[in-house]
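*Asks:* So here's structure-v1.cif, just mmCIF, C-alpha atoms and all ligand atoms:
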data_start
#
loop_
_atom_site.label_atom_id
_atom_site.label_comp_id
_atom_site.auth_asym_id
_atom_site.auth_seq_id
_atom_site.Cartn_x
_atom_site.Cartn_y
_atom_site.Cartn_z
CA MET U 1 -190.74 12.99 -47.55
CA ARG U 2 -193.98 14.69 -48.62
CA LYS U 3 -194.78 14.28 -52.32
CA PRO U 4 -195.15 17.66 -54.07
CA PHE U 5 -198.73 18.47 -55.03
CA VAL U 6 -200.07 20.94 -57.57
CA ALA U 7 -203.80 21.40 -58.14
CA GLY U 8 -205.51 23.70 -60.62
CA ASN U 9 -208.76 25.31 -59.51
CA TRP U 10 -210.49 26.34 -62.73
CA LYS U 11 -213.29 28.08 -60.78
CA MET U 12 -216.28 29.03 -62.96
CA ASN U 13 -214.27 28.91 -66.18
CA LYS U 14 -214.22 26.51 -69.17
CA THR U 15 -217.14 24.69 -70.69
CA SER U 16 -216.82 20.96 -71.09
CA ALA U 17 -215.41 21.32 -74.63
CA GLN U 18 -213.01 24.08 -73.54
CA GLY U 19 -211.90 21.98 -70.59
CA VAL U 20 -211.05 19.04 -72.83
CA ALA U 21 -209.14 21.38 -75.16
CA LEU U 22 -207.21 22.69 -72.15
CA VAL U 23 -206.19 19.24 -70.92
CA ASN U 24 -205.33 18.18 -74.49
CA GLU U 25 -202.71 20.90 -74.42
CA LEU U 26 -201.72 20.44 -70.80
CA LEU U 27 -201.39 16.66 -70.55
CA PRO U 28 -198.39 16.13 -72.85
CA ALA U 29 -196.60 19.00 -71.10
CA ILE U 30 -197.04 17.75 -67.53
CA ILE U 31 -197.22 13.99 -68.06
CA GLY U 32 -193.52 13.43 -67.34
CA TYR U 33 -193.42 15.03 -63.89
CA ASP U 34 -194.16 11.90 -61.89
CA ARG U 35 -192.60 13.30 -58.73
CA VAL U 36 -195.56 15.66 -58.51
CA GLU U 37 -199.17 14.74 -57.71
CA ARG U 38 -201.07 16.70 -60.39
CA VAL U 39 -204.78 17.52 -60.26
CA VAL U 40 -207.21 19.65 -62.23
CA CYS U 41 -210.55 20.82 -60.80
CA PRO U 42 -213.04 21.84 -63.51
CA SER U 43 -216.63 22.94 -62.93
CA TYR U 44 -219.05 20.10 -62.20
CA LEU U 45 -220.39 19.99 -65.76
CA ALA U 46 -216.93 19.80 -67.32
CA VAL U 47 -215.79 17.04 -64.94
CA PRO U 48 -217.13 13.99 -66.84
CA ALA U 49 -215.49 14.93 -70.16
CA VAL U 50 -212.21 16.04 -68.57
CA SER U 51 -212.13 12.93 -66.42
CA ALA U 52 -212.74 10.71 -69.48
CA ARG U 53 -209.90 12.45 -71.30
CA LEU U 54 -207.54 11.95 -68.34
CA GLN U 55 -208.55 8.32 -67.75
CA GLY U 56 -205.43 6.18 -67.41
CA SER U 57 -203.18 9.26 -67.19
CA PRO U 58 -201.28 10.29 -64.06
CA VAL U 59 -203.29 13.51 -63.74
CA GLY U 60 -206.15 13.39 -61.25
CA VAL U 61 -209.47 15.20 -61.31
CA GLY U 62 -211.35 16.99 -58.55
CA THR U 63 -214.49 19.06 -58.07
CA GLN U 64 -214.57 22.46 -56.39
CA ASP U 65 -217.12 21.53 -53.75
CA LEU U 66 -219.62 18.84 -52.75
CA TYR U 67 -222.51 18.42 -50.33
CA TRP U 68 -222.32 16.20 -47.28
CA GLU U 69 -225.61 14.34 -47.62
CA THR U 70 -225.66 11.14 -49.67
CA SER U 71 -228.87 11.82 -51.62
CA GLY U 72 -232.27 13.45 -51.36
CA ALA U 73 -234.08 16.77 -51.50
CA TYR U 74 -231.10 19.11 -51.90
CA THR U 75 -231.78 20.90 -55.17
CA GLY U 76 -228.63 22.05 -56.90
CA GLU U 77 -226.21 20.07 -54.74
CA VAL U 78 -223.85 17.21 -55.63
CA ALA U 79 -223.25 14.22 -53.33
CA PRO U 80 -219.86 12.68 -52.50
CA ASP U 81 -220.59 9.45 -54.41
CA MET U 82 -221.51 11.48 -57.49
CA VAL U 83 -218.11 13.18 -57.27
CA LYS U 84 -216.39 9.86 -56.66
CA GLU U 85 -217.79 8.43 -59.89
CA PHE U 86 -215.47 10.75 -61.85
CA CYS U 87 -212.97 12.21 -59.37
CA GLN U 88 -210.36 11.39 -56.77
CA TYR U 89 -210.20 14.86 -55.17
CA VAL U 90 -212.42 17.67 -53.95
CA ILE U 91 -211.65 21.25 -52.91
CA ILE U 92 -213.52 22.20 -49.73
CA GLY U 93 -213.91 25.56 -48.01
CA HIS U 94 -212.44 27.76 -50.72
CA SER U 95 -212.56 31.39 -49.58
CA GLU U 96 -214.91 32.27 -52.43
CA ARG U 97 -217.37 29.73 -51.08
CA ARG U 98 -216.87 31.03 -47.56
CA ALA U 99 -217.31 34.68 -48.59
CA LYS U 100 -219.94 34.42 -51.33
CA PHE U 101 -221.90 31.26 -50.56
CA GLY U 102 -222.12 31.12 -46.77
CA GLU U 103 -219.64 28.30 -46.17
CA THR U 104 -218.80 28.04 -42.46
CA ASP U 105 -216.23 26.10 -40.46
CA GLU U 106 -219.04 23.75 -39.51
CA SER U 107 -220.11 23.06 -43.09
CA VAL U 108 -216.46 22.67 -44.11
CA ASN U 109 -216.06 20.05 -41.40
CA LYS U 110 -219.15 18.14 -42.55
CA LYS U 111 -217.93 18.23 -46.15
CA VAL U 112 -214.41 17.08 -45.25
CA LYS U 113 -215.85 14.13 -43.34
CA ALA U 114 -218.26 13.25 -46.17
CA ALA U 115 -215.48 13.47 -48.76
CA LEU U 116 -213.21 11.18 -46.76
CA ALA U 117 -216.03 8.73 -46.14
CA ALA U 118 -216.55 8.52 -49.90
CA GLY U 119 -212.84 7.78 -50.45
CA LEU U 120 -211.92 11.18 -51.85
CA VAL U 121 -208.87 13.28 -51.03
CA ALA U 122 -210.08 16.52 -49.42
CA ILE U 123 -208.17 19.70 -50.28
CA MET U 124 -209.29 21.93 -47.40
CA CYS U 125 -208.70 25.66 -47.85
CA VAL U 126 -207.98 28.10 -45.04
CA GLY U 127 -206.86 31.72 -45.02
CA GLU U 128 -207.43 35.13 -43.54
CA THR U 129 -208.96 38.20 -45.22
CA LEU U 130 -207.08 41.47 -45.64
CA GLU U 131 -208.98 43.01 -42.71
CA GLU U 132 -208.17 40.06 -40.48
CA ASN U 133 -204.56 40.18 -41.58
CA GLU U 134 -204.25 43.89 -40.85
CA ALA U 135 -205.96 43.47 -37.50
CA GLY U 136 -203.34 40.90 -36.49
CA GLN U 137 -205.86 38.05 -36.50
CA THR U 138 -204.11 35.70 -38.92
CA GLU U 139 -203.15 33.19 -36.26
CA ALA U 140 -206.60 33.18 -34.64
CA VAL U 141 -208.46 32.81 -37.96
CA VAL U 142 -206.23 30.26 -39.66
CA SER U 143 -205.73 28.04 -36.62
CA ARG U 144 -209.48 28.11 -35.91
CA GLN U 145 -210.29 27.12 -39.50
CA VAL U 146 -207.80 24.24 -39.21
CA ARG U 147 -209.12 23.06 -35.83
CA GLU U 148 -212.79 23.31 -36.73
CA GLY U 149 -212.42 22.00 -40.26
CA LEU U 150 -210.60 18.88 -39.07
CA ASN U 151 -212.59 18.45 -35.87
CA GLY U 152 -213.46 14.85 -35.08
CA LEU U 153 -211.30 13.19 -37.72
CA VAL U 154 -209.31 10.12 -36.76
CA THR U 155 -205.56 10.40 -37.25
CA ALA U 156 -205.46 7.83 -40.06
CA ALA U 157 -207.93 9.90 -42.10
CA MET U 158 -205.37 12.69 -42.34
CA GLU U 159 -203.54 10.69 -45.02
CA ASN U 160 -206.30 11.81 -47.37
CA VAL U 161 -206.33 15.44 -46.37
CA VAL U 162 -204.34 18.19 -48.07
CA ILE U 163 -204.51 21.69 -46.58
CA ALA U 164 -204.25 24.79 -48.75
CA TYR U 165 -203.23 28.07 -47.13
CA GLU U 166 -204.80 30.77 -49.27
CA PRO U 167 -204.67 34.27 -47.82
CA VAL U 168 -207.81 35.86 -49.27
CA TRP U 169 -205.99 39.09 -50.12
CA ALA U 170 -203.60 37.16 -52.38
CA ILE U 171 -206.23 35.31 -54.42
CA GLY U 172 -206.63 36.60 -57.96
CA THR U 173 -205.00 39.90 -57.04
CA GLY U 174 -201.53 39.41 -58.46
CA ARG U 175 -200.35 40.22 -54.95
CA ALA U 176 -198.92 36.92 -53.73
CA ALA U 177 -197.83 36.49 -50.12
CA SER U 178 -194.11 36.44 -49.50
CA ALA U 179 -192.75 32.92 -49.55
CA GLU U 180 -191.27 33.33 -46.06
CA GLY U 181 -194.53 34.78 -44.70
CA ALA U 182 -196.60 31.94 -46.15
CA ASN U 183 -194.14 29.39 -44.79
CA ALA U 184 -194.36 30.91 -41.31
CA VAL U 185 -198.17 30.77 -41.31
CA ILE U 186 -198.11 27.16 -42.49
CA LYS U 187 -195.51 26.13 -39.93
CA ASP U 188 -196.96 27.94 -36.92
CA PHE U 189 -200.69 28.31 -37.56
CA ILE U 190 -201.39 25.15 -39.59
CA ARG U 191 -198.90 22.42 -38.69
CA LYS U 192 -198.95 23.32 -34.97
CA PRO U 193 -202.75 23.03 -34.63
CA VAL U 194 -202.58 19.78 -36.60
CA ALA U 195 -200.01 18.50 -34.10
CA ALA U 196 -202.30 19.54 -31.22
CA LEU U 197 -205.31 17.83 -32.80
CA PHE U 198 -203.50 14.66 -33.83
CA ASP U 199 -199.74 14.27 -33.27
CA GLU U 200 -196.40 15.62 -34.39
CA LYS U 201 -195.95 12.90 -37.01
CA THR U 202 -199.24 13.85 -38.67
CA ALA U 203 -198.29 17.54 -38.55
CA GLN U 204 -195.06 16.75 -40.37
CA SER U 205 -196.59 14.38 -42.92
CA VAL U 206 -199.73 16.30 -43.94
CA ARG U 207 -199.25 18.13 -47.18
CA VAL U 208 -199.82 21.87 -47.07
CA LEU U 209 -200.07 24.01 -50.20
CA TYR U 210 -199.85 27.72 -50.74
CA GLY U 211 -202.43 29.41 -52.98
CA GLY U 212 -202.90 33.01 -54.09
CA SER U 213 -201.45 34.48 -57.29
CA VAL U 214 -199.02 31.61 -57.84
CA THR U 215 -197.44 31.87 -61.30
CA GLY U 216 -194.78 30.12 -63.32
CA ALA U 217 -192.47 32.96 -62.29
CA ASN U 218 -192.90 32.85 -58.50
CA ALA U 219 -193.68 29.15 -57.86
CA ARG U 220 -190.06 28.11 -57.32
CA GLU U 221 -189.68 30.61 -54.48
CA PHE U 222 -192.66 29.14 -52.63
CA PHE U 223 -191.51 25.56 -53.19
CA SER U 224 -188.05 26.33 -51.83
CA GLN U 225 -189.66 26.85 -48.41
CA PRO U 226 -189.48 23.83 -46.09
CA ASP U 227 -193.18 23.75 -45.13
CA ILE U 228 -194.76 24.48 -48.53
CA ASP U 229 -195.42 21.25 -50.42
CA GLY U 230 -197.06 22.62 -53.52
CA ALA U 231 -199.71 25.01 -54.77
CA LEU U 232 -203.41 25.46 -55.33
CA VAL U 233 -203.47 27.49 -58.52
CA GLY U 234 -206.36 29.56 -59.87
CA GLY U 235 -205.72 31.92 -62.78
CA ALA U 236 -202.46 30.31 -63.89
CA SER U 237 -204.11 26.88 -64.05
CA LEU U 238 -206.04 28.07 -67.12
CA LYS U 239 -202.76 28.73 -68.95
CA PRO U 240 -200.99 25.49 -69.91
CA VAL U 241 -197.55 27.12 -70.15
CA ASP U 242 -197.84 28.67 -66.69
CA PHE U 243 -199.34 25.60 -65.05
CA THR U 244 -196.60 23.45 -66.57
CA ALA U 245 -193.94 25.79 -65.20
CA ILE U 246 -195.51 25.48 -61.73
CA VAL U 247 -195.54 21.67 -61.96
CA ALA U 248 -191.92 21.72 -63.18
CA ALA U 249 -190.93 23.92 -60.22
CA ALA U 250 -192.67 21.53 -57.81
CA ALA U 251 -190.77 18.60 -59.34
CA GLU U 252 -187.52 20.24 -58.21
CA ARG U 253 -188.67 20.36 -54.63
P1 LIG Y 1 -205.30 32.53 -57.96
O1 LIG Y 1 -206.41 31.67 -57.20
O2 LIG Y 1 -204.14 31.59 -58.26
O3 LIG Y 1 -205.97 33.02 -59.22
O4 LIG Y 1 -204.89 33.63 -57.06
C1 LIG Y 1 -206.05 30.70 -56.25
C2 LIG Y 1 -207.28 30.02 -55.73
O5 LIG Y 1 -208.31 30.68 -55.57
O6 LIG Y 1 -207.28 28.80 -55.45
#
Before anything else, please render the file you have as structure tokens.
*Replies:*
Amino acid sequence: MRKPFVAGNWKMNKTSAQGVALVNELLPAIIGYDRVERVVCPSYLAVPAVSARLQGSPVGVGTQDLYWETSGAYTGEVAPDMVKEFCQYVIIGHSERRAKFGETDESVNKKVKAALAAGLVAIMCVGETLEENEAGQTEAVVSRQVREGLNGLVTAAMENVVIAYEPVWAIGTGRAASAEGANAVIKDFIRKPVAALFDEKTAQSVRVLYGGSVTGANAREFFSQPDIDGALVGGASLKPVDFTAIVAAAAER
């Protein structure tokens, strides 16, 4: 049985003080849902304060990216061990990084490997754009991102990988995918390539999330699908009531 997983991607929102205020409100509301692995991902600069506030709590902390090198002349970048000092998780390959900051399948793969080597859980994002979707390329794009992102990993490392299916057209648009459609992509274009890369057992045990306009109102529908194990939540993760409703829905899975 795959443990439900809900992660909040705060994106470039919340200062350190605002982030602490947010978790002060959120923590009492979600603390009881032990069936669900719960994670918040603030901006780098808010991570230390949020992580200190969540110390000893069941809510984990992640960053929204990292760099694969361990140290050196990489101005502006953050190394895996620097993340590990405060966090247990890292989001890698978010579509905003792919579209706006030149992230490629190759850099995603390097980052996933570096994250795992540092002992982090990698939340690897995949998903097709609207144009790709309309051109019937969803299978080609998503399965390629899965194959190339996970290329060269040993099977055992997959225990620390979570995959998030985030169709780009559904992110921040209020236009979520249909639950059945997302489930079909996850089953056929994510779990199948994972089975081909590793084995059927890994394909069935890896956790796969849906992301893209998930709200307190629609989360239950996604989580009622057999292949959707949770959500990567953007906008609604900044609203404690909504995020709590999503965690509560995941607990019923
Ligand atoms: P959204 O973002 O929930 O605001 O659509 C999801 C994400 O980008 O991870």
*Asks:* Return as AutoDock Vina command-line options the box centre and box size in Å, one decimal, for an axis-aligned box around all listed atoms of ligand LIG 1 (chain Y) padded by 5 Å per side.
*Replies:*
--center_x -206.2 --center_y 31.2 --center_z -57.3 --size_x 14.2 --size_y 14.8 --size_z 13.8
*Asks:* Hey, what's within 12 Å of Arg35 in chain U if we count all atoms listed in the file and toss same-chain stuff fewer than 6 positions away? As JSON, numbers by chain, please?
*Replies:* {"U": [1, 2, 3, 4, 5, 6, 58, 59, 229, 230, 247, 248, 249, 250, 251, 252, 253]}
*Asks:* Could you work out how far CA of Asn151 in chain U lies from CA of Val36 in chain U, giving the answer in Å with one decimal?
*Replies:*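 Atom-to-atom, CA of Val36 in chain U and CA of Asn151 in chain U are spaced 28.5 Å apart.
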*Asks:* Set the cut-off to 10 Å, count all atoms listed in the file, and list whatever residues fall near ligand LIG 1 (chain Y) as a ChimeraX atom specification.
*Replies:* /U:7-11,64,91,94-96,125,164-176,210-215,231-238
*Asks:* Report as a CSV table (one decimal) with C-alpha atoms, in the coordinates of the input all protein, DNA and RNA residues lying within 9 Å of range 85-87 of chain U, evaluated on only C-alpha atoms, omitting residues in the same chain fewer than 3 positions from it.
*Replies:*
chain,number,residue,atom,x,y,z
U,47,VAL,CA,-215.8,17.0,-64.9
U,48,PRO,CA,-217.1,14.0,-66.8
U,51,SER,CA,-212.1,12.9,-66.4
U,52,ALA,CA,-212.7,10.7,-69.5
U,60,GLY,CA,-206.2,13.4,-61.2
U,61,VAL,CA,-209.5,15.2,-61.3
U,62,GLY,CA,-211.4,17.0,-58.6
U,63,THR,CA,-214.5,19.1,-58.1
U,80,PRO,CA,-219.9,12.7,-52.5
U,81,ASP,CA,-220.6,9.4,-54.4
U,82,MET,CA,-221.5,11.5,-57.5
U,90,VAL,CA,-212.4,17.7,-54.0
U,120,LEU,CA,-211.9,11.2,-51.8
*Asks:* Go through range 36-81 of chain U residue by residue and, counting all atoms listed in the file, keep those with an atom at most 9 Å from range 12-25 of chain U; for each kept residue give the shortest atom pair and its distance in Å to one decimal, ordered by chain and increasing number, as CSV.
*Replies:*
residue,atom,partner,partner_atom,distance
U:Val40,CA,U:Val23,CA,8.8
U:Pro42,CA,U:Gly19,CA,7.2
U:Ser43,CA,U:Met12,CA,6.1
U:Leu45,CA,U:Ser16,CA,6.5
U:Ala46,CA,U:Ser16,CA,3.9
U:Val47,CA,U:Ser16,CA,7.4
U:Pro48,CA,U:Ser16,CA,8.2
U:Ala49,CA,U:Ser16,CA,6.2
U:Val50,CA,U:Val20,CA,5.3
U:Ser51,CA,U:Val20,CA,8.9
U:Arg53,CA,U:Val20,CA,6.9
U:Leu54,CA,U:Val23,CA,7.9
*Asks:* Mind listing whatever residues come within 7 Å of the point (-210.1, 17.2, -47.1)? Use only C-alpha atoms, file coordinates, and give them as an MDAnalysis selection string.
*Replies:* chainID U and resid 92 112 115:116 121:124 160:162
*Asks:* Measuring between all atoms listed in the file, which one of U:Glu132, U:Val194, U:Gly181, U:Lys111 shows the shortest distance to Glu221 in chain U?
*Replies:* U:Gly181
*Asks:* To one decimal in Å, tell me the separation between CA of Lys239 in chain U and CA of Glu103 in chain U.
*Replies:*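 Between CA of Lys239 in chain U and CA of Glu103 in chain U the gap works out to 28.4 Å.
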*Asks:* From the set U:Val241, U:Ala219, U:Ala156, U:Ile228, which residue has the shortest atom-to-atom contact distance to Lys201 in chain U, counting all atoms listed in the file?
*Replies:*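 Ranking U:Val241, U:Ala219, U:Ala156, U:Ile228 by distance to Lys201 in chain U, first place goes to U:Ala156.
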*Asks:* Restricting the calculation to only C-alpha atoms, which member of U:Lys84, U:Lys100, U:Arg220, U:Lys110 is positioned closest to Glu69 in chain U?
*Replies:* U:Lys110
*Asks:* If I take CA of Val83 in chain U and CA of Leu66 in chain U, how far is one from the other in Å, to one decimal?
*Replies:*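 Separating CA of Val83 in chain U from CA of Leu66 in chain U is a distance of 7.4 Å.
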*Asks:* Kindly indicate which residue among U:Arg38, U:Phe189, U:Gly216, U:Gly93 lies nearest to Gln137 in chain U, using only C-alpha atoms for the distances.
*Replies:*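 Smallest separation from Gln137 in chain U among the options: U:Phe189.
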*Asks:* So which residues touch Pro193 in chain U within 9 Å, counting all atoms listed in the file, skipping near sequence neighbours fewer than 5 positions away, as a list in words?
*Replies:*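 So the residues in contact are Ser143, Arg144, Val146, Arg147, Asp188, Phe198 and Ala203 of chain U.
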*Asks:* What residues have an atom no more than 10 Å from (-225.5, 24.9, -59.3) in the file's own frame, counting only C-alpha atoms, and can you write them as a PyMOL selection string?
*Replies:* chain U and resi 43-45+75-78
*Asks:* Which one is closest to Ile31 in chain U: U:Asn218, U:Ser178, U:Ser57, U:Asn183? Count all atoms listed in the file.
*Replies:* U:Ser57
*Asks:* Just range 17-54 of chain U, please, as a tab-separated table (two decimals), in the first residue's frame (only N, CA and C atoms).
*Replies:*
chain	number	residue	atom	x	y	z
U	17	ALA	N	9.42	35.31	7.49
U	17	ALA	CA	8.44	35.59	8.56
U	17	ALA	C	7.04	35.15	8.13
U	18	GLN	N	6.70	35.40	6.88
U	18	GLN	CA	5.36	35.00	6.40
U	18	GLN	C	5.23	33.47	6.34
U	19	GLY	N	6.34	32.83	6.02
U	19	GLY	CA	6.33	31.36	5.95
U	19	GLY	C	6.11	30.75	7.33
U	20	VAL	N	6.76	31.33	8.33
U	20	VAL	CA	6.57	30.83	9.70
U	20	VAL	C	5.12	31.08	10.14
U	21	ALA	N	4.59	32.24	9.79
U	21	ALA	CA	3.19	32.53	10.14
U	21	ALA	C	2.26	31.51	9.47
U	22	LEU	N	2.57	31.16	8.22
U	22	LEU	CA	1.74	30.18	7.51
U	22	LEU	C	1.79	28.82	8.20
U	23	VAL	N	2.98	28.35	8.56
U	23	VAL	CA	3.04	27.02	9.19
U	23	VAL	C	2.49	27.06	10.62
U	24	ASN	N	2.56	28.22	11.27
U	24	ASN	CA	1.93	28.33	12.60
U	24	ASN	C	0.43	28.05	12.51
U	25	GLU	N	-0.16	28.49	11.42
U	25	GLU	CA	-1.59	28.27	11.23
U	25	GLU	C	-1.87	26.85	10.72
U	26	LEU	N	-0.97	26.41	9.86
U	26	LEU	CA	-1.19	25.12	9.19
U	26	LEU	C	-0.93	23.92	10.10
U	27	LEU	N	0.12	23.99	10.88
U	27	LEU	CA	0.57	22.80	11.63
U	27	LEU	C	-0.52	22.21	12.53
U	28	PRO	N	-1.17	23.01	13.38
U	28	PRO	CA	-2.20	22.39	14.22
U	28	PRO	C	-3.32	21.74	13.41
U	29	ALA	N	-3.58	22.28	12.22
U	29	ALA	CA	-4.68	21.75	11.40
U	29	ALA	C	-4.33	20.42	10.74
U	30	ILE	N	-3.05	20.24	10.37
U	30	ILE	CA	-2.71	19.00	9.63
U	30	ILE	C	-1.94	17.99	10.48
U	31	ILE	N	-1.65	18.35	11.72
U	31	ILE	CA	-0.76	17.50	12.52
U	31	ILE	C	-1.34	16.10	12.76
U	32	GLY	N	-2.67	15.99	12.79
U	32	GLY	CA	-3.28	14.70	13.13
U	32	GLY	C	-3.33	13.69	12.00
U	33	TYR	N	-3.05	14.12	10.78
U	33	TYR	CA	-3.26	13.22	9.63
U	33	TYR	C	-2.03	12.37	9.35
U	34	ASP	N	-1.74	11.47	10.30
U	34	ASP	CA	-0.50	10.70	10.19
U	34	ASP	C	-0.47	9.71	9.03
U	35	ARG	N	-1.63	9.40	8.48
U	35	ARG	CA	-1.64	8.50	7.32
U	35	ARG	C	-1.00	9.14	6.10
U	36	VAL	N	-0.87	10.47	6.15
U	36	VAL	CA	-0.41	11.20	4.97
U	36	VAL	C	1.01	11.74	5.21
U	37	GLU	N	1.90	11.54	4.25
U	37	GLU	CA	3.21	12.18	4.31
U	37	GLU	C	3.00	13.62	3.87
U	38	ARG	N	3.32	14.58	4.73
U	38	ARG	CA	3.02	16.00	4.49
U	38	ARG	C	4.32	16.80	4.39
U	39	VAL	N	4.39	17.64	3.37
U	39	VAL	CA	5.64	18.38	3.10
U	39	VAL	C	5.30	19.80	2.66
U	40	VAL	N	6.09	20.76	3.12
U	40	VAL	CA	5.98	22.11	2.57
U	40	VAL	C	7.33	22.50	1.94
U	41	CYS	N	7.25	23.23	0.83
U	41	CYS	CA	8.47	23.62	0.09
U	41	CYS	C	8.51	25.13	-0.08
U	42	PRO	N	9.10	25.83	0.91
U	42	PRO	CA	9.24	27.29	0.82
U	42	PRO	C	10.39	27.67	-0.11
U	43	SER	N	10.56	28.97	-0.31
U	43	SER	CA	11.73	29.44	-1.06
U	43	SER	C	12.98	29.16	-0.21
U	44	TYR	N	14.13	29.13	-0.85
U	44	TYR	CA	15.37	28.82	-0.13
U	44	TYR	C	15.51	29.64	1.16
U	45	LEU	N	15.27	30.97	1.04
U	45	LEU	CA	15.55	31.83	2.19
U	45	LEU	C	14.57	31.63	3.33
U	46	ALA	N	13.39	31.11	3.05
U	46	ALA	CA	12.42	30.85	4.12
U	46	ALA	C	12.61	29.47	4.73
U	47	VAL	N	13.43	28.62	4.06
U	47	VAL	CA	13.57	27.24	4.53
U	47	VAL	C	14.12	27.13	5.96
U	48	PRO	N	15.20	27.84	6.32
U	48	PRO	CA	15.73	27.62	7.68
U	48	PRO	C	14.71	27.92	8.78
U	49	ALA	N	13.99	29.03	8.66
U	49	ALA	CA	13.03	29.39	9.72
U	49	ALA	C	11.84	28.42	9.74
U	50	VAL	N	11.35	28.05	8.56
U	50	VAL	CA	10.21	27.13	8.49
U	50	VAL	C	10.64	25.75	9.02
U	51	SER	N	11.83	25.34	8.65
U	51	SER	CA	12.34	24.05	9.10
U	51	SER	C	12.52	24.04	10.62
U	52	ALA	N	13.01	25.15	11.19
U	52	ALA	CA	13.17	25.24	12.65
U	52	ALA	C	11.79	25.14	13.32
U	53	ARG	N	10.81	25.79	12.74
U	53	ARG	CA	9.47	25.78	13.32
U	53	ARG	C	8.86	24.37	13.26
U	54	LEU	N	9.20	23.61	12.22
U	54	LEU	CA	8.60	22.28	12.04
U	54	LEU	C	9.44	21.16	12.67
